[in-house]
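The data block below is run.csv; it holds CSV, C-alpha atoms and all ligand atoms.
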```csv
chain,number,residue,atom,x,y,z
A,248,MET,CA,-3.2,24.5,10.8
A,249,ASN,CA,-5.1,25.3,7.6
A,250,LYS,CA,-7.9,23.2,6.2
A,251,ILE,CA,-6.8,19.9,4.7
A,252,THR,CA,-8.1,19.2,1.2
A,253,TYR,CA,-8.0,16.1,-0.9
A,254,LYS,CA,-7.5,15.6,-4.7
A,255,ASP,CA,-7.8,12.2,-6.4
A,256,PHE,CA,-6.9,11.1,-9.9
A,257,GLU,CA,-6.4,8.1,-12.2
A,258,ASN,CA,-3.9,9.7,-14.6
A,259,GLY,CA,-1.6,12.6,-14.6
A,260,ASP,CA,1.6,14.0,-13.1
A,261,ILE,CA,2.8,12.5,-9.8
A,262,SER,CA,6.1,14.4,-9.5
A,263,ASN,CA,4.9,16.4,-6.5
A,264,LEU,CA,4.8,13.1,-4.6
A,265,LYS,CA,8.5,12.5,-4.7
A,266,ASP,CA,9.4,13.8,-1.2
A,267,LEU,CA,6.5,12.0,0.5
A,268,CYS,CA,7.2,8.7,-1.3
A,269,ASP,CA,11.0,8.9,-0.5
A,270,SER,CA,10.0,9.6,3.1
A,271,LEU,CA,7.9,6.4,3.2
A,272,MET,CA,10.7,4.4,1.7
A,273,ARG,CA,13.1,5.8,4.3
A,274,PHE,CA,10.6,5.0,7.1
A,275,GLN,CA,10.4,1.4,5.9
A,276,ALA,CA,14.1,1.0,5.7
A,277,GLU,CA,14.6,2.4,9.2
A,278,HIS,CA,12.1,0.0,10.6
A,279,ALA,CA,13.0,-3.2,8.7
A,280,LYS,CA,14.7,-6.0,10.5
A,281,ILE,CA,15.1,-8.3,7.5
A,282,LYS,CA,17.2,-7.0,4.6
A,283,PRO,CA,16.8,-3.3,5.4
A,284,GLU,CA,19.2,-2.6,2.5
A,285,VAL,CA,16.5,-3.8,0.1
A,286,MET,CA,14.0,-1.3,1.5
A,287,ALA,CA,16.8,1.4,1.5
A,288,SER,CA,17.3,0.9,-2.2
A,289,MET,CA,13.7,1.8,-3.0
A,290,ASN,CA,12.7,5.3,-3.8
A,291,PHE,CA,10.1,7.4,-5.8
A,292,ASP,CA,11.9,6.8,-9.1
A,293,ASN,CA,12.3,3.0,-8.9
A,294,ARG,CA,9.1,2.2,-6.9
A,295,LEU,CA,6.2,4.5,-7.4
A,296,VAL,CA,7.0,5.8,-10.9
A,297,PRO,CA,7.2,2.4,-12.6
A,298,ASP,CA,4.4,1.0,-10.6
A,299,TYR,CA,2.2,3.9,-11.6
A,300,ASN,CA,3.2,3.9,-15.2
A,301,ASN,CA,2.8,0.2,-15.7
A,302,ALA,CA,-0.6,-0.1,-14.1
A,303,SER,CA,-3.5,0.2,-16.5
A,304,ARG,CA,-6.0,0.9,-13.7
A,305,LYS,CA,-4.6,3.0,-10.8
A,306,TYR,CA,-5.8,5.6,-8.3
A,307,ILE,CA,-4.0,8.1,-6.2
A,308,THR,CA,-5.4,10.4,-3.6
A,309,VAL,CA,-3.4,13.2,-2.1
A,310,ALA,CA,-4.0,15.3,1.0
A,311,TYR,CA,-2.9,19.0,0.9
A,312,GLU,CA,-2.4,21.7,3.5
A,313,GLY,CA,-2.7,24.7,1.1
A,314,ASP,CA,-0.5,23.8,-1.9
A,315,LYS,CA,1.7,21.4,0.1
A,316,PRO,CA,1.1,17.7,-0.3
A,317,ILE,CA,1.2,16.2,3.2
A,318,GLY,CA,0.0,12.6,2.6
A,319,PHE,CA,-0.9,10.3,-0.2
A,320,ALA,CA,-2.3,6.8,-1.0
A,321,PHE,CA,-1.9,4.7,-4.1
A,322,ALA,CA,-3.8,1.7,-5.3
A,323,SER,CA,-4.0,-0.4,-8.5
A,324,VAL,CA,-6.1,-3.1,-10.0
A,325,GLY,CA,-4.6,-5.8,-12.3
A,326,GLU,CA,-4.5,-9.5,-13.2
A,327,VAL,CA,-2.4,-12.1,-11.3
A,328,THR,CA,-1.2,-14.9,-13.6
A,329,GLU,CA,0.7,-18.1,-13.1
A,330,ASP,CA,3.9,-16.2,-14.1
A,331,ASP,CA,3.4,-13.7,-11.3
A,332,ILE,CA,3.0,-16.6,-8.8
A,333,SER,CA,6.2,-18.4,-9.9
A,334,GLN,CA,8.4,-15.3,-10.4
A,335,LYS,CA,10.7,-14.2,-7.6
A,336,PRO,CA,12.1,-10.7,-7.4
A,337,ILE,CA,15.9,-10.5,-7.5
A,338,TRP,CA,16.1,-9.3,-3.9
A,339,ALA,CA,14.3,-12.5,-2.8
A,340,GLU,CA,16.5,-15.0,-4.6
A,341,ASP,CA,18.3,-16.0,-1.4
A,342,ILE,CA,15.1,-16.1,0.8
A,343,ASP,CA,12.8,-19.1,1.0
A,344,GLY,CA,9.2,-19.2,1.7
A,345,VAL,CA,5.9,-18.5,0.0
A,346,GLY,CA,5.7,-15.5,-2.3
A,347,PHE,CA,3.2,-12.7,-2.6
A,348,PHE,CA,0.2,-15.1,-2.8
A,349,PRO,CA,-0.5,-18.2,-0.7
A,350,GLU,CA,0.0,-21.7,-1.9
A,351,GLY,CA,-3.0,-22.9,-4.0
A,352,TYR,CA,-4.1,-19.3,-4.9
A,353,VAL,CA,-6.3,-19.7,-7.9
A,354,VAL,CA,-5.1,-17.7,-10.9
A,355,PRO,CA,-5.7,-16.0,-13.3
A,356,THR,CA,-7.6,-13.6,-11.1
A,357,THR,CA,-8.1,-9.8,-11.0
A,358,ILE,CA,-7.0,-8.3,-7.7
A,359,GLY,CA,-6.9,-4.8,-6.2
A,360,THR,CA,-3.8,-3.8,-4.2
A,361,TYR,CA,-3.6,-1.0,-1.7
A,362,LYS,CA,0.0,-0.2,-2.6
A,363,LEU,CA,1.3,2.8,-0.7
A,364,LEU,CA,0.1,5.0,2.2
A,365,TYR,CA,2.0,7.8,3.9
A,366,VAL,CA,1.1,10.8,6.0
A,367,ASP,CA,3.8,13.3,7.0
A,368,SER,CA,4.8,12.7,10.6
A,369,ASN,CA,3.7,16.3,11.6
A,370,TYR,CA,0.2,15.5,10.5
A,371,ARG,CA,-0.5,12.1,11.9
A,372,GLY,CA,-3.4,11.2,14.2
A,373,LEU,CA,-5.7,13.7,12.4
A,374,ASN,CA,-7.6,11.1,10.4
A,375,ILE,CA,-5.8,12.0,7.2
A,376,GLY,CA,-4.7,8.4,6.7
A,377,GLY,CA,-8.4,7.5,7.5
A,378,GLU,CA,-9.7,9.8,4.8
A,379,LEU,CA,-7.2,8.7,2.2
A,380,SER,CA,-8.0,5.0,3.0
A,381,LYS,CA,-11.8,5.6,2.7
A,382,MET,CA,-11.2,7.0,-0.8
A,383,ILE,CA,-8.9,4.2,-1.7
A,384,MET,CA,-11.3,1.5,-0.5
A,385,LYS,CA,-14.2,3.1,-2.4
A,386,TRP,CA,-12.2,3.0,-5.6
A,387,LEU,CA,-10.9,-0.6,-5.0
A,388,ASN,CA,-14.5,-1.7,-4.4
A,389,SER,CA,-15.8,0.0,-7.6
A,390,HIS,CA,-14.5,-2.7,-10.0
A,391,ASP,CA,-16.9,-5.5,-11.1
A,392,ASP,CA,-14.1,-8.0,-11.9
A,393,VAL,CA,-12.0,-7.7,-8.7
A,394,GLU,CA,-12.1,-10.7,-6.4
A,395,ASP,CA,-9.6,-10.0,-3.6
A,396,LEU,CA,-8.0,-7.0,-2.2
A,397,TRP,CA,-4.4,-7.2,-0.9
A,398,VAL,CA,-2.1,-5.0,1.1
A,399,PHE,CA,1.6,-5.9,1.7
A,400,VAL,CA,3.3,-4.5,4.8
A,401,ALA,CA,7.1,-4.2,5.1
A,402,ASN,CA,8.7,-6.1,7.9
A,403,GLY,CA,9.3,-4.0,11.0
A,404,ASN,CA,6.0,-2.1,10.4
A,405,GLU,CA,3.6,-4.8,11.5
A,406,GLU,CA,1.8,-2.6,13.9
A,407,VAL,CA,0.2,-0.8,11.0
A,408,ALA,CA,-1.8,-4.0,10.5
A,409,LYS,CA,-4.2,-2.6,13.2
A,410,PHE,CA,-4.8,0.3,10.8
A,411,TYR,CA,-5.6,-1.9,7.8
A,412,GLU,CA,-7.8,-4.2,10.0
A,413,LYS,CA,-10.1,-1.2,10.3
A,414,TYR,CA,-10.7,-1.6,6.6
A,415,GLY,CA,-11.5,-5.3,6.8
A,416,PHE,CA,-8.0,-6.7,6.0
A,417,ASN,CA,-6.9,-9.9,7.8
A,418,HIS,CA,-3.5,-11.5,7.9
A,419,SER,CA,-3.0,-14.0,5.1
A,420,HIS,CA,0.6,-15.2,5.2
A,421,SER,CA,4.3,-14.2,5.6
A,422,VAL,CA,5.9,-13.4,2.2
A,423,PHE,CA,9.5,-14.6,1.7
A,424,SER,CA,9.9,-15.8,5.3
A,425,GLY,CA,8.6,-12.6,6.9
A,426,PHE,CA,10.3,-10.0,4.6
A,427,ILE,CA,6.7,-8.8,4.0
A,428,GLU,CA,3.4,-9.6,5.7
A,429,ALA,CA,0.4,-10.0,3.4
A,430,TYR,CA,-3.1,-9.0,4.4
A,431,THR,CA,-6.3,-9.7,2.4
A,432,ARG,CA,-10.0,-9.3,2.2
A,433,LYS,CA,-12.7,-9.9,-0.4
A,434,ALA,CA,-13.8,-7.0,-2.5
A,435,ILE,CA,-17.2,-5.8,-1.1
A,436,ARG,CA,-19.0,-6.8,-4.3
A,437,ARG,CA,-17.7,-10.3,-3.9
A,438,ILE,CA,-19.0,-10.8,-0.4
A,439,SER,CA,-22.2,-12.8,-0.7
B,1,LIG,C1,-0.3,4.7,8.9
B,1,LIG,C2,-0.5,6.2,8.7
B,1,LIG,C3,-0.7,6.5,7.2
B,1,LIG,C4,-1.8,6.6,9.4
B,1,LIG,O1,-2.0,7.9,9.1
B,1,LIG,P1,-2.8,8.9,10.2
B,1,LIG,O2,-3.3,10.1,9.4
B,1,LIG,O3,-1.9,9.1,11.3
B,1,LIG,O4,-4.0,7.9,10.6
B,1,LIG,P2,-5.4,8.4,11.2
B,1,LIG,O5,-5.3,9.7,12.0
B,1,LIG,O6,-6.4,8.4,10.1
B,1,LIG,O7,-5.6,7.2,12.2
B,1,LIG,C5,-6.8,6.4,12.1
B,1,LIG,C6,-6.7,5.3,13.2
B,1,LIG,O8,-5.6,4.4,12.9
B,1,LIG,C7,-4.7,4.3,14.1
B,1,LIG,N1,-3.4,4.2,13.6
B,1,LIG,C8,-2.8,5.1,12.8
B,1,LIG,N2,-1.5,4.7,12.5
B,1,LIG,C9,-1.4,3.5,13.2
B,1,LIG,C10,-0.3,2.6,13.3
B,1,LIG,N3,0.9,2.8,12.7
B,1,LIG,N4,-0.5,1.5,14.0
B,1,LIG,C11,-1.7,1.3,14.6
B,1,LIG,N5,-2.8,2.1,14.5
B,1,LIG,C12,-2.6,3.2,13.8
B,1,LIG,C13,-5.0,5.6,14.8
B,1,LIG,O9,-4.7,5.4,16.2
B,1,LIG,C14,-6.5,5.9,14.6
B,1,LIG,O10,-7.2,5.1,15.4
B,1,LIG,P3,-8.6,5.6,16.0
B,1,LIG,O11,-9.5,6.0,14.8
B,1,LIG,O12,-9.2,4.5,16.7
B,1,LIG,O13,-8.3,6.8,16.8
B,1,LIG,C15,0.7,7.0,9.2
B,1,LIG,O14,0.9,6.7,10.6
B,1,LIG,C16,2.0,6.8,8.5
B,1,LIG,O15,2.2,7.5,7.5
B,1,LIG,N6,2.8,5.9,9.0
B,1,LIG,C17,4.1,5.7,8.4
B,1,LIG,C18,4.1,5.0,7.1
B,1,LIG,C19,3.3,3.7,7.1
B,1,LIG,O16,3.3,3.0,8.0
B,1,LIG,N7,2.6,3.5,6.0
B,1,LIG,C20,1.9,2.3,5.7
B,1,LIG,C21,2.8,1.4,4.9
B,1,LIG,S1,2.2,-0.2,4.7
```
Would you mind giving the structure from this file in structure tokens?
Ligand SMILES: CC(C)(COP(=O)(O)OP(=O)(O)OC[C@H]1O[C@@H](n2cnc3c(N)ncnc32)[C@H](O)[C@@H]1OP(=O)(O)O)[C@@H](O)C(=O)NCCC(=O)NCCS
Amino acid sequence: MNKITYKDFENGDISNLKDLCDSLMRFQAEHAKIKPEVMASMNFDNRLVPDYNNASRKYITVAYEGDKPIGFAFASVGEVTEDDISQKPIWAEDIDGVGFFPEGYVVPTTIGTYKLLYVDSNYRGLNIGGELSKMIMKWLNSHDDVEDLWVFVANGNEEVAKFYEKYGFNHSHSVFSGFIEAYTRKAIRRIS
């Protein structure tokens, strides 16, 4: 195996991430127990592209073997408002339960979200996910106005929580009756 290199950016072309992102969405759909069809409907074009284009503060880091992208991670920072708390995605209309943020969550607030993480299955266990996450956490913790950090894990993939726990995330609550599990931690600047 050749040397693994990393490139990070806050703007620019993400088209070379299509295959990795689609593989992540397939992975989630294959593991989901609740509404796998919702996971199966997600792909690079309707998930990462709009998320990336709509976020004013965003960060992507990509791992390469030679010129080939073999893993990536994506995070963003943005405000959560009352509207975000009360809105329900279309796919959740027939599911009860608390949404993305717990009851009583004080808004408006600025949060950082660790949005996506994927390493090609041929390259797992080599600390590539660890390196990508170290870079993501450094970026998420570099904003003066960020209170909380969040990561949302698709149902069926709960074992990856052990990975996020290494970065200080703890379980917060089940989103829409377990369709997603939410994990959170304080941004490092906010820990007194
Ligand atoms: C999660 C993922 C990115 C980890 O990437 P990786 O490069 O294999 O991870 P690393 O080699 O850096 O592993 C670091 C540590 O986390 C642990 N770990 C990795 N994946 C794990 C998982 N799915 N569950 C529990 N622990 C995991 C490893 O055992 C290792 O522990 P150690 O440092 O004590 O030896 C990769 O397994 C993956 O792409 N999984 C499928 C997609 C996915 O689950 N993405 C997250 C969506 S929320």
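Near ligand LIG 1 (chain B), at a distance of at most 7 Å and with all atoms listed in the file counted, sit the residues A:Leu271, A:Phe274, A:Leu363, A:Leu364, A:Tyr365, A:Val366, A:Asp367, A:Ser368, A:Tyr370, A:Arg371, A:Gly372, A:Leu373, A:Asn374, A:Ile375, A:Gly376, A:Gly377, A:Glu378, A:Phe399, A:Val400, A:Ala401, A:Asn404, A:Glu406, A:Val407, A:Ala408, A:Lys409, A:Phe410.
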Can you spit out the residues from that selection as a compact mmCIF listing (two decimals), keeping the file's coordinate frame, using C-alpha atoms?
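Written out: out09.txt:
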```txt
# COMPACT_ATOMS: atom_id res chain seq x y z
CA LEU A 271 7.90 6.40 3.20
CA PHE A 274 10.60 5.00 7.10
CA LEU A 363 1.30 2.80 -0.70
CA LEU A 364 0.10 5.00 2.20
CA TYR A 365 2.00 7.80 3.90
CA VAL A 366 1.10 10.80 6.00
CA ASP A 367 3.80 13.30 7.00
CA SER A 368 4.80 12.70 10.60
CA TYR A 370 0.20 15.50 10.50
CA ARG A 371 -0.50 12.10 11.90
CA GLY A 372 -3.40 11.20 14.20
CA LEU A 373 -5.70 13.70 12.40
CA ASN A 374 -7.60 11.10 10.40
CA ILE A 375 -5.80 12.00 7.20
CA GLY A 376 -4.70 8.40 6.70
CA GLY A 377 -8.40 7.50 7.50
CA GLU A 378 -9.70 9.80 4.80
CA PHE A 399 1.60 -5.90 1.70
CA VAL A 400 3.30 -4.50 4.80
CA ALA A 401 7.10 -4.20 5.10
CA ASN A 404 6.00 -2.10 10.40
CA GLU A 406 1.80 -2.60 13.90
CA VAL A 407 0.20 -0.80 11.00
CA ALA A 408 -1.80 -4.00 10.50
CA LYS A 409 -4.20 -2.60 13.20
CA PHE A 410 -4.80 0.30 10.80
```
Determine the nearest neighbour of Phe291 in chain A from the options A:Ile317, A:Val345, A:Ile427, A:Ile261, counting only C-alpha atoms.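 Of the candidates, the smallest distance to Phe291 in chain A is held by A:Ile261.
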Up to 12 Å from (9.4, -10.6, -7.9) in the file's coordinates: name the residues, counting only C-alpha atoms, as a list in words.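 Every polymer residue passing the test: Asp330, Asp331, Ile332, Ser333, Gln334, Lys335, Pro336, Ile337, Trp338, Ala339, Glu340, Ile342, Val345, Gly346, Phe347, Phe348, Val422 and Phe423 of chain A.
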Could you please take those selected residues and save C-alpha atoms as a PDB file, in the frame of the given file?
```
ATOM      1  CA  ASP A 330       3.900 -16.200 -14.100  1.00  0.00           C
ATOM      2  CA  ASP A 331       3.400 -13.700 -11.300  1.00  0.00           C
ATOM      3  CA  ILE A 332       3.000 -16.600  -8.800  1.00  0.00           C
ATOM      4  CA  SER A 333       6.200 -18.400  -9.900  1.00  0.00           C
ATOM      5  CA  GLN A 334       8.400 -15.300 -10.400  1.00  0.00           C
ATOM      6  CA  LYS A 335      10.700 -14.200  -7.600  1.00  0.00           C
ATOM      7  CA  PRO A 336      12.100 -10.700  -7.400  1.00  0.00           C
ATOM      8  CA  ILE A 337      15.900 -10.500  -7.500  1.00  0.00           C
ATOM      9  CA  TRP A 338      16.100  -9.300  -3.900  1.00  0.00           C
ATOM     10  CA  ALA A 339      14.300 -12.500  -2.800  1.00  0.00           C
ATOM     11  CA  GLU A 340      16.500 -15.000  -4.600  1.00  0.00           C
ATOM     12  CA  ILE A 342      15.100 -16.100   0.800  1.00  0.00           C
ATOM     13  CA  VAL A 345       5.900 -18.500   0.000  1.00  0.00           C
ATOM     14  CA  GLY A 346       5.700 -15.500  -2.300  1.00  0.00           C
ATOM     15  CA  PHE A 347       3.200 -12.700  -2.600  1.00  0.00           C
ATOM     16  CA  PHE A 348       0.200 -15.100  -2.800  1.00  0.00           C
ATOM     17  CA  VAL A 422       5.900 -13.400   2.200  1.00  0.00           C
ATOM     18  CA  PHE A 423       9.500 -14.600   1.700  1.00  0.00           C
TER      19      PHE A 423
END
```
Leaving out Gly415 in chain A and any residue of its chain fewer than 5 positions from it, which residues lie within 9 Å of it when counting all atoms listed in the file, given as a tab-separated table (two decimals) with C-alpha atoms, keeping the file's coordinate frame?
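Once written, result-v7.tsv looks like this:
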```
chain	number	residue	atom	x	y	z
A	431	THR	CA	-6.30	-9.70	2.40
A	432	ARG	CA	-10.00	-9.30	2.20
A	433	LYS	CA	-12.70	-9.90	-0.40
```
For Leu396 in chain A, which of A:Thr360, A:Asn290, A:Asn249, A:Ser303 is the closest residue, counting all atoms listed in the file? A:Thr360
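With CA of Ile307 in chain A on one side and CA of Ala320 in chain A on the other, the separation reads 5.6 Å.
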Atom-to-atom span, CA of His390 in chain A and CA of Asp298 in chain A, Å: 19.3 Å
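CA of Leu264 in chain A lies 13.5 Å from CA of Tyr306 in chain A.
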